[in-house]
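A.B. asks: Please find target-v9.txt (compact mmCIF, C-alpha atoms) on the next line:
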```txt
# COMPACT_ATOMS: atom_id res chain seq x y z
CA MET A 1177 -24.02 -9.70 34.86
CA ASP A 1178 -20.92 -10.47 36.89
CA LEU A 1179 -17.63 -10.25 35.00
CA ILE A 1180 -15.05 -12.98 35.65
CA ASP A 1181 -11.49 -12.41 34.49
CA GLU A 1182 -8.06 -14.02 34.91
CA LYS A 1183 -7.55 -12.32 38.28
CA SER A 1184 -10.48 -14.19 39.81
CA VAL A 1185 -9.66 -17.77 38.77
CA ASP A 1186 -7.61 -20.52 40.39
CA ARG A 1187 -5.36 -21.54 37.51
CA GLU A 1188 -4.10 -24.58 39.41
CA PHE A 1189 -7.54 -25.99 40.17
CA LEU A 1190 -7.68 -28.27 37.12
CA ARG A 1191 -4.01 -29.26 37.02
CA THR A 1192 -4.66 -32.61 38.71
CA LYS A 1193 -8.03 -33.22 37.05
CA SER A 1194 -8.63 -35.57 34.13
CA ILE A 1195 -10.39 -33.64 31.35
CA VAL A 1196 -12.06 -35.75 28.67
CA VAL A 1197 -13.48 -34.19 25.51
CA MET A 1198 -16.43 -35.81 23.72
CA GLY A 1199 -17.05 -34.39 20.26
CA TYR A 1200 -13.97 -33.42 18.25
CA GLY A 1201 -15.61 -30.97 15.88
CA ASN A 1202 -16.36 -27.24 15.66
CA GLN A 1203 -15.93 -26.59 19.39
CA GLY A 1204 -14.35 -29.84 20.59
CA ARG A 1205 -11.09 -29.67 18.69
CA PRO A 1206 -10.27 -25.98 19.39
CA GLN A 1207 -11.24 -26.30 23.05
CA ALA A 1208 -9.16 -29.46 23.48
CA LEU A 1209 -6.12 -27.83 21.86
CA ASN A 1210 -6.47 -24.68 23.97
CA LEU A 1211 -6.89 -26.64 27.20
CA ARG A 1212 -3.81 -28.73 26.41
CA ASP A 1213 -1.78 -25.64 25.54
CA SER A 1214 -2.84 -24.20 28.91
CA GLY A 1215 -1.03 -27.11 30.56
CA LEU A 1216 -4.03 -29.30 31.41
CA ASP A 1217 -4.44 -33.06 31.08
CA VAL A 1218 -6.75 -33.63 28.12
CA LYS A 1219 -7.89 -36.87 26.50
CA ILE A 1220 -10.37 -37.41 23.68
CA ALA A 1221 -13.21 -39.93 23.91
CA ALA A 1222 -14.32 -41.04 20.44
CA ARG A 1223 -15.54 -44.00 18.42
CA GLU A 1224 -12.60 -45.84 16.88
CA GLY A 1225 -12.33 -45.23 13.15
CA GLY A 1226 -14.41 -42.06 13.13
CA LYS A 1227 -13.25 -38.70 11.78
CA GLY A 1228 -12.80 -37.28 15.26
CA PHE A 1229 -10.81 -40.32 16.39
CA ARG A 1230 -8.35 -40.05 13.51
CA LYS A 1231 -8.04 -36.27 13.71
CA ALA A 1232 -7.37 -36.33 17.46
CA LEU A 1233 -4.64 -38.92 16.97
CA ASP A 1234 -3.09 -36.74 14.27
CA ASP A 1235 -3.16 -33.83 16.73
CA GLY A 1236 -1.18 -35.89 19.23
CA PHE A 1237 -3.92 -36.59 21.78
CA GLU A 1238 -4.42 -39.80 23.68
CA VAL A 1239 -7.70 -41.11 22.30
CA VAL A 1240 -9.82 -43.57 24.24
CA GLY A 1241 -13.18 -45.26 23.72
CA MET A 1242 -16.38 -43.55 24.81
CA GLU A 1243 -17.03 -45.66 27.91
CA GLU A 1244 -13.38 -45.68 28.98
CA GLY A 1245 -13.14 -41.91 28.62
CA ILE A 1246 -16.29 -41.28 30.63
CA GLY A 1247 -15.08 -43.60 33.36
CA MET A 1248 -11.83 -41.69 33.85
CA ALA A 1249 -13.23 -38.14 33.55
CA ASP A 1250 -13.25 -35.62 36.37
CA VAL A 1251 -14.42 -33.06 33.82
CA LEU A 1252 -16.36 -34.23 30.76
CA MET A 1253 -16.44 -31.66 27.96
CA PHE A 1254 -19.76 -32.59 26.32
CA LEU A 1255 -19.22 -30.92 22.95
CA LEU A 1256 -21.39 -32.97 20.63
CA PRO A 1257 -24.16 -31.51 18.42
CA ASP A 1258 -27.25 -30.45 20.39
CA GLU A 1259 -29.53 -32.93 18.67
CA VAL A 1260 -27.66 -36.01 19.93
CA HIS A 1261 -27.16 -34.87 23.53
CA ARG A 1262 -30.07 -36.79 25.06
CA GLU A 1263 -29.27 -40.06 23.28
CA VAL A 1264 -25.55 -39.99 24.10
CA PHE A 1265 -26.03 -38.76 27.67
CA GLU A 1266 -28.52 -41.49 28.48
CA ALA A 1267 -26.62 -44.24 26.67
CA PHE A 1268 -23.07 -43.46 27.76
CA VAL A 1269 -22.81 -40.80 30.45
CA ASP A 1270 -25.57 -41.03 33.03
CA GLY A 1271 -24.68 -43.60 35.67
CA ARG A 1272 -21.20 -44.20 34.20
CA LEU A 1273 -19.62 -40.86 35.02
CA ARG A 1274 -18.50 -40.68 38.64
CA SER A 1275 -20.87 -38.75 40.91
CA GLY A 1276 -19.59 -35.26 41.59
CA SER A 1277 -17.78 -35.04 38.27
CA ALA A 1278 -18.50 -32.13 35.96
CA VAL A 1279 -20.28 -32.12 32.60
CA VAL A 1280 -19.42 -29.00 30.61
CA PHE A 1281 -21.58 -27.76 27.73
CA ALA A 1282 -20.73 -25.11 25.13
CA HIS A 1283 -24.40 -24.27 24.50
CA GLY A 1284 -27.33 -24.22 26.90
CA PHE A 1285 -29.82 -25.85 24.49
CA SER A 1286 -30.15 -29.41 25.81
CA VAL A 1287 -30.25 -28.47 29.50
CA ALA A 1288 -32.48 -25.42 28.98
CA PHE A 1289 -35.05 -27.45 27.04
CA ASP A 1290 -34.98 -30.50 29.33
CA GLU A 1291 -33.15 -32.87 27.02
CA VAL A 1292 -30.41 -33.49 29.59
CA SER A 1293 -30.63 -33.24 33.38
CA SER A 1294 -28.94 -34.74 36.43
CA ASP A 1295 -28.47 -33.95 40.08
CA ARG A 1296 -25.48 -36.32 40.34
CA TYR A 1297 -23.06 -34.13 38.40
CA ASP A 1298 -21.96 -30.53 38.13
CA MET A 1299 -23.85 -29.25 35.08
CA ILE A 1300 -21.74 -26.41 33.74
CA LEU A 1301 -22.05 -24.01 30.82
CA VAL A 1302 -18.98 -22.43 29.22
CA ALA A 1303 -20.17 -20.85 25.97
CA PRO A 1304 -17.55 -19.00 23.90
CA LYS A 1305 -19.16 -16.26 21.85
CA GLY A 1306 -17.90 -17.36 18.47
CA GLN A 1307 -17.07 -20.34 16.32
CA GLY A 1308 -14.41 -22.80 17.37
CA ALA A 1309 -11.96 -21.79 14.65
CA LYS A 1310 -12.04 -18.20 15.90
CA LEU A 1311 -11.59 -19.40 19.50
CA ARG A 1312 -8.41 -21.21 18.48
CA GLU A 1313 -7.17 -18.33 16.34
CA ARG A 1314 -7.60 -15.80 19.15
CA TYR A 1315 -5.91 -18.13 21.65
CA ILE A 1316 -2.85 -18.53 19.42
CA GLU A 1317 -2.70 -14.75 19.02
CA GLY A 1318 -2.60 -14.37 22.81
CA SER A 1319 -6.16 -13.11 23.09
CA GLY A 1320 -9.52 -14.88 23.34
CA LEU A 1321 -13.25 -14.76 22.80
CA PRO A 1322 -15.60 -13.60 25.56
CA ALA A 1323 -17.78 -16.31 27.08
CA LEU A 1324 -20.98 -16.79 29.03
CA ILE A 1325 -20.72 -19.23 31.93
CA GLY A 1326 -23.38 -20.77 34.13
CA VAL A 1327 -24.13 -23.59 36.56
CA GLU A 1328 -27.36 -25.59 36.52
CA ASN A 1329 -26.39 -28.08 39.23
CA ASP A 1330 -23.55 -27.89 41.74
CA ALA A 1331 -23.14 -31.44 43.02
CA SER A 1332 -19.51 -31.00 44.09
CA GLY A 1333 -19.83 -27.56 45.65
CA GLN A 1334 -17.09 -26.39 43.26
CA ALA A 1335 -18.95 -26.07 39.98
CA TRP A 1336 -18.38 -22.33 39.61
CA LYS A 1337 -14.69 -22.84 40.29
CA THR A 1338 -14.57 -25.47 37.54
CA ALA A 1339 -16.52 -23.23 35.15
CA ALA A 1340 -14.09 -20.34 35.63
CA ALA A 1341 -11.06 -22.63 35.27
CA ILE A 1342 -12.35 -24.12 32.01
CA ALA A 1343 -13.08 -20.62 30.68
CA TRP A 1344 -9.50 -19.69 31.59
CA GLY A 1345 -8.11 -22.84 29.97
CA ILE A 1346 -9.75 -22.17 26.60
CA GLY A 1347 -8.58 -18.54 26.66
CA CYS A 1348 -11.86 -16.76 27.30
CA LEU A 1349 -10.84 -15.12 30.56
CA ARG A 1350 -8.17 -13.19 28.69
CA VAL A 1351 -11.03 -10.92 27.64
CA GLY A 1352 -13.60 -11.90 30.26
CA ALA A 1353 -16.58 -14.15 30.93
CA TYR A 1354 -20.03 -13.20 32.19
CA ARG A 1355 -22.33 -15.17 34.50
CA THR A 1356 -25.58 -16.35 33.00
CA THR A 1357 -27.94 -19.33 33.11
CA PHE A 1358 -28.38 -22.21 30.68
CA ARG A 1359 -31.85 -20.88 29.89
CA GLU A 1360 -30.78 -17.29 29.25
CA GLU A 1361 -27.86 -18.33 27.04
CA ALA A 1362 -29.88 -20.83 25.02
CA VAL A 1363 -32.89 -18.61 24.36
CA SER A 1364 -30.87 -15.49 23.57
CA ASP A 1365 -28.47 -17.44 21.36
CA LEU A 1366 -31.26 -19.00 19.30
CA PHE A 1367 -33.03 -15.65 19.04
CA GLY A 1368 -29.86 -13.85 17.94
CA GLU A 1369 -29.16 -16.48 15.29
CA GLN A 1370 -32.69 -16.45 13.90
CA ALA A 1371 -33.63 -12.78 14.22
CA VAL A 1372 -30.28 -11.24 13.27
CA LEU A 1373 -27.12 -13.18 12.55
CA CYS A 1374 -28.11 -16.13 10.37
CA GLY A 1375 -31.76 -15.33 9.64
CA GLY A 1376 -32.71 -11.67 9.67
CA VAL A 1377 -29.57 -10.18 8.10
CA PRO A 1378 -29.30 -12.69 5.22
CA ALA A 1379 -33.03 -12.27 4.53
CA LEU A 1380 -32.65 -8.47 4.44
CA VAL A 1381 -29.70 -8.74 2.07
CA LYS A 1382 -31.52 -11.17 -0.24
CA GLY A 1383 -34.60 -8.96 -0.28
CA ALA A 1384 -32.67 -5.80 -1.07
CA PHE A 1385 -30.75 -7.59 -3.83
CA ASP A 1386 -34.02 -8.76 -5.38
CA VAL A 1387 -35.53 -5.25 -5.29
CA LEU A 1388 -32.56 -3.80 -7.21
CA VAL A 1389 -32.60 -6.59 -9.79
CA GLU A 1390 -36.38 -6.20 -10.25
CA ARG A 1391 -35.82 -2.51 -11.03
CA GLY A 1392 -33.30 -3.34 -13.75
CA PHE A 1393 -29.99 -3.02 -11.89
CA SER A 1394 -27.37 -5.62 -12.77
CA PRO A 1395 -27.02 -8.55 -10.37
CA GLU A 1396 -23.33 -7.74 -9.99
CA THR A 1397 -24.07 -4.16 -8.90
CA ALA A 1398 -26.77 -5.39 -6.52
CA TYR A 1399 -24.37 -7.94 -5.03
CA PHE A 1400 -21.66 -5.37 -4.35
CA GLU A 1401 -24.05 -2.82 -2.84
CA CYS A 1402 -26.13 -5.20 -0.69
CA LEU A 1403 -23.73 -7.99 0.31
CA TYR A 1404 -20.08 -7.33 -0.48
CA GLU A 1405 -19.88 -4.04 1.42
CA LEU A 1406 -21.75 -5.43 4.41
CA LYS A 1407 -18.57 -6.70 6.07
CA ILE A 1408 -16.98 -3.26 5.90
CA ILE A 1409 -19.90 -1.68 7.77
CA VAL A 1410 -20.23 -4.54 10.26
CA ASP A 1411 -16.53 -4.23 11.07
CA LEU A 1412 -17.05 -0.53 11.71
CA PHE A 1413 -19.88 -0.87 14.18
CA TYR A 1414 -18.24 -3.93 15.73
CA GLU A 1415 -15.20 -1.77 16.47
CA ARG A 1416 -16.87 1.61 17.11
CA GLY A 1417 -20.55 1.05 17.86
CA PHE A 1418 -23.37 2.36 15.69
CA SER A 1419 -22.78 6.05 16.38
CA GLY A 1420 -19.04 5.59 15.81
CA MET A 1421 -19.77 3.99 12.47
CA ARG A 1422 -21.91 6.99 11.46
CA ASP A 1423 -19.01 9.31 12.32
CA VAL A 1424 -16.67 7.74 9.76
CA ILE A 1425 -19.04 7.13 6.83
CA SER A 1426 -20.15 9.91 4.50
CA GLY A 1427 -22.76 12.44 5.58
CA THR A 1428 -24.93 11.21 2.72
CA ALA A 1429 -24.82 7.63 4.01
CA ALA A 1430 -25.34 8.68 7.64
CA TYR A 1431 -28.35 10.90 6.90
CA GLY A 1432 -30.03 8.48 4.52
CA SER A 1433 -29.58 5.48 6.81
CA LEU A 1434 -30.83 7.22 9.96
CA LYS A 1435 -33.63 9.25 8.37
CA PHE A 1436 -35.04 6.61 6.03
CA GLY A 1437 -33.17 3.31 6.12
CA GLU A 1438 -33.94 2.34 9.68
CA GLY A 1439 -37.64 2.68 8.93
CA ILE A 1440 -37.41 -0.61 7.01
CA ILE A 1441 -37.49 -2.30 10.41
CA ASP A 1442 -40.98 -1.21 11.37
CA GLU A 1443 -43.37 -2.35 14.10
CA HIS A 1444 -44.51 -5.26 11.94
CA VAL A 1445 -40.93 -6.60 11.93
CA ILE A 1446 -40.58 -6.04 15.69
CA ASP A 1447 -43.83 -7.96 16.25
CA SER A 1448 -42.43 -10.78 14.12
CA MET A 1449 -39.35 -10.83 16.33
CA ARG A 1450 -41.56 -11.04 19.42
CA ARG A 1451 -43.42 -14.01 17.94
CA LEU A 1452 -40.11 -15.65 17.05
CA LEU A 1453 -38.92 -15.21 20.65
CA ASP A 1454 -42.23 -16.64 21.92
CA ARG A 1455 -41.66 -19.72 19.76
CA ILE A 1456 -38.17 -20.21 21.21
CA GLU A 1457 -39.12 -19.54 24.84
CA SER A 1458 -42.10 -21.89 24.71
CA GLY A 1459 -39.91 -24.75 23.51
CA GLU A 1460 -41.77 -25.00 20.21
CA PHE A 1461 -38.62 -24.38 18.16
CA SER A 1462 -36.53 -26.91 20.10
CA ARG A 1463 -39.22 -29.58 19.68
CA ASN A 1464 -39.50 -28.84 15.97
CA TRP A 1465 -35.74 -29.00 15.45
CA LEU A 1466 -35.29 -32.23 17.39
CA MET A 1467 -38.10 -33.89 15.43
CA GLU A 1468 -36.64 -32.59 12.17
CA SER A 1469 -33.17 -33.85 13.10
CA ALA A 1470 -34.49 -37.26 14.15
CA GLU A 1471 -35.99 -37.67 10.66
CA GLY A 1472 -32.68 -36.86 8.95
CA ALA A 1473 -33.36 -33.12 8.54
CA PRO A 1474 -35.17 -33.33 5.17
CA GLU A 1475 -36.69 -29.84 5.45
CA LEU A 1476 -33.33 -28.28 6.32
CA LYS A 1477 -31.73 -29.99 3.34
CA GLU A 1478 -34.44 -28.64 1.03
CA LEU A 1479 -34.18 -25.12 2.48
CA LYS A 1480 -30.41 -25.12 1.99
CA SER A 1481 -30.77 -26.49 -1.54
CA THR A 1482 -33.28 -23.77 -2.41
CA GLU A 1483 -30.96 -21.05 -1.12
CA LYS A 1484 -28.06 -22.39 -3.19
CA ARG A 1485 -30.17 -21.90 -6.32
CA LEU A 1486 -30.81 -18.18 -5.69
CA LEU A 1487 -29.44 -15.67 -8.18
CA ILE A 1488 -27.51 -13.84 -5.46
CA GLU A 1489 -25.68 -17.08 -4.65
CA LYS A 1490 -24.81 -17.77 -8.28
CA VAL A 1491 -23.60 -14.22 -8.90
CA GLY A 1492 -21.76 -14.14 -5.60
CA ALA A 1493 -19.92 -17.38 -6.33
CA LYS A 1494 -18.61 -15.96 -9.62
CA ILE A 1495 -17.54 -12.67 -8.04
CA ARG A 1496 -15.85 -14.36 -5.08
CA GLY A 1497 -14.04 -16.70 -7.47
CA ARG A 1498 -12.63 -13.77 -9.41
CA LEU A 1499 -11.63 -11.95 -6.26
CA ARG A 1500 -9.86 -15.03 -4.92
CA ARG A 1501 -7.91 -15.42 -8.14
CA ASN A 1502 -6.89 -11.77 -7.89
CA GLY A 1503 -5.93 -12.18 -4.25
CA THR A 1504 -8.44 -9.65 -2.91
CA VAL A 1505 -10.67 -11.97 -0.86
CA GLY A 1506 -9.13 -12.50 2.53
CA ARG A 1507 -7.44 -9.12 2.68
CA LYS A 1508 -8.54 -6.67 5.34
CA ASP A 1509 -11.10 -4.48 3.61
CA GLU A 1510 -10.53 -0.76 3.79
CA LYS A 1511 -13.14 1.26 5.60
CA ARG A 1512 -15.87 2.88 3.58
```
Take the structure in the file and write it out as structure tokens.
C.D. replies:
Amino acid sequence: MDLIDEKSVDREFLRTKSIVVMGYGNQGRPQALNLRDSGLDVKIAAREGGKGFRKALDDGFEVVGMEEGIGMADVLMFLLPDEVHREVFEAFVDGRLRSGSAVVFAHGFSVAFDEVSSDRYDMILVAPKGQGAKLRERYIEGSGLPALIGVENDASGQAWKTAAAIAWGIGCLRVGAYRTTFREEAVSDLFGEQAVLCGGVPALVKGAFDVLVERGFSPETAYFECLYELKIIVDLFYERGFSGMRDVISGTAAYGSLKFGEGIIDEHVIDSMRRLLDRIESGEFSRNWLMESAEGAPELKELKSTEKRLLIEKVGAKIRGRLRRNGTVGRKDEKR
């Protein structure tokens, strides 16, 4: 993958462009603030009276109606939730945005799975690798999050130039951006979330907690050993890699984890990951999620409600409450 950094971007390219942000939430607000702080002309397009409308006004932005904002945009930051992209694009954007303007997405989902398409506009992906709050935090600190950037359609002939300039404006080029495609970003992102970050790891933690409790260990002990210390280890291999993490933990922990622990993830689990990836690549997951969302997400609500009732959640809430009162949650944990 090609690396793009601050040396390879035209920082003046967007100075005369009108940038309009749609969606003032998890990604919209931090990206809008970063772009403005980078000296660019940023307006917010929102429904009057909505949360985003009021918050953007409080943040000092000029806020305009949806249709007005789209009509004035040279670059439209399309930062709404994935599940409403098709509806909003068809109702407000397509045919109203000037031909040759750019539509910028923070996630490849809707373009990769054929929810949104157009040959009239630059279809651009700038996907920071982290939540919006972290993007803003890193920007303020003088750093940034890495990003993946891609172009699906280059109507203006300058789409890659716009993509790099937006990545610079939100602070990502301080650490670097990598070229990708909408499809690659969307599929890999969904797989990473489901197999590891938000699916596989929590499931492993919950399962290990249950095994200890079944064998008579106290829920509090199980919580500390299976969940609380996880951040310490993740921080270590985030900073040092897996082998670097092994070098700074005890020999007992290193031997046991390499010799026996990694065997938990056996070929059966790997096959399950392959089937999960098949479901994502085929479009089955995207179709299921869009249908679920269109119905008000009843299954998601039930799944979340069930998780909240788990013993590990009840015990964890009590422990975290005590730690907050004692001022220990939020401090930088010492290494194991």
A.B. asks: Could you state the separation of atom CA of Ser1277 of chain A and atom CA of Ala1331 of chain A in Å, given to one decimal place?
C.D. replies: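 Result for atom CA of Ser1277 of chain A versus atom CA of Ala1331 of chain A: 8.0 Å, one decimal.
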A.B. asks: What gap, in Å, lies between atom CA of Ser1462 of chain A and atom CA of Val1269 of chain A?
C.D. replies: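 About the pair atom CA of Ser1462 of chain A and atom CA of Val1269 of chain A: they are 22.1 Å apart.
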A.B. asks: List as a ChimeraX atom specification the residues having at least one atom at most 7 Å from position (-6.5, -37.8, 23.8) as given in the file, counting only C-alpha atoms.
C.D. replies: /A:1218-1220,1232,1237-1240
A.B. asks: Go ahead and save the picked residues with C-alpha atoms, as a compact mmCIF listing (two decimals), keeping the file's coordinate frame.
C.D. replies:
```txt
# COMPACT_ATOMS: atom_id res chain seq x y z
CA VAL A 1218 -6.75 -33.63 28.12
CA LYS A 1219 -7.89 -36.87 26.50
CA ILE A 1220 -10.37 -37.41 23.68
CA ALA A 1232 -7.37 -36.33 17.46
CA PHE A 1237 -3.92 -36.59 21.78
CA GLU A 1238 -4.42 -39.80 23.68
CA VAL A 1239 -7.70 -41.11 22.30
CA VAL A 1240 -9.82 -43.57 24.24
```
A.B. asks: Mind pulling up the distance from atom CA of Val1260 of chain A to atom CA of Lys1477 of chain A?
C.D. replies: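 A separation of 18.1 Å between them.
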A.B. asks: Could you check the closest approach to Asp1386 of chain A for each of A:Glu1478, A:Asp1298, A:Glu1401, A:Glu1361 and tell me which residue wins, using all atoms listed in the file?
C.D. replies: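 Of all the options, A:Glu1401 lies closest to Asp1386 of chain A.
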A.B. asks: Can you pull out every residue within 10 Å of Lys1310 of chain A, counting all atoms listed in the file, but drop anything in the same chain fewer than 6 positions away, and send it as a list in words?
C.D. replies: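 Result of the neighbour search: Gln1203, Pro1206, Pro1304, Ile1316, Gly1320 and Leu1321 of chain A.
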A.B. asks: Could you write out as lines of an AutoDock Vina configuration file the box around segment 1447-1455 of chain A (axis-aligned, all atoms listed in the file, 8 Å on each side), with centre and edge lengths in Å to one decimal?
C.D. replies:
```
center_x = -41.4
center_y = -13.8
center_z = 18.0
size_x = 20.9
size_y = 27.8
size_z = 23.8
```
A.B. asks: Using all atoms listed in the file, find the one residue out of A:Gly1503, A:Gly1204, A:Gly1326, A:Gly1459 that sits nearest to Glu1360 of chain A.
C.D. replies: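 Using all atoms listed in the file, the shortest distance to Glu1360 of chain A belongs to A:Gly1326.
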A.B. asks: Pick the closest to Lys1382 of chain A from A:Leu1486, A:Val1327, A:Ala1362, A:Leu1349: which is it, counting all atoms listed in the file?
C.D. replies: A:Leu1486
A.B. asks: Would you list the contacts of Ser1448 of chain A as a PDB file with C-alpha atoms, in the coordinates of the input, taking every protein, DNA or RNA residue within 12 Å and counting all atoms listed in the file, but skipping same-chain residues closer than 6 positions in sequence?
C.D. replies:
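Output file part_5.pdb is given in full below:
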```pdb
ATOM      1  CA  PHE A1367     -33.030 -15.650  19.040  1.00  0.00           C
ATOM      2  CA  GLN A1370     -32.690 -16.450  13.900  1.00  0.00           C
ATOM      3  CA  ALA A1371     -33.630 -12.780  14.220  1.00  0.00           C
ATOM      4  CA  GLY A1376     -32.710 -11.670   9.670  1.00  0.00           C
ATOM      5  CA  ILE A1441     -37.490  -2.300  10.410  1.00  0.00           C
ATOM      6  CA  ASP A1442     -40.980  -1.210  11.370  1.00  0.00           C
ATOM      7  CA  ASP A1454     -42.230 -16.640  21.920  1.00  0.00           C
ATOM      8  CA  ARG A1455     -41.660 -19.720  19.760  1.00  0.00           C
TER       9      ARG A1455
END
```
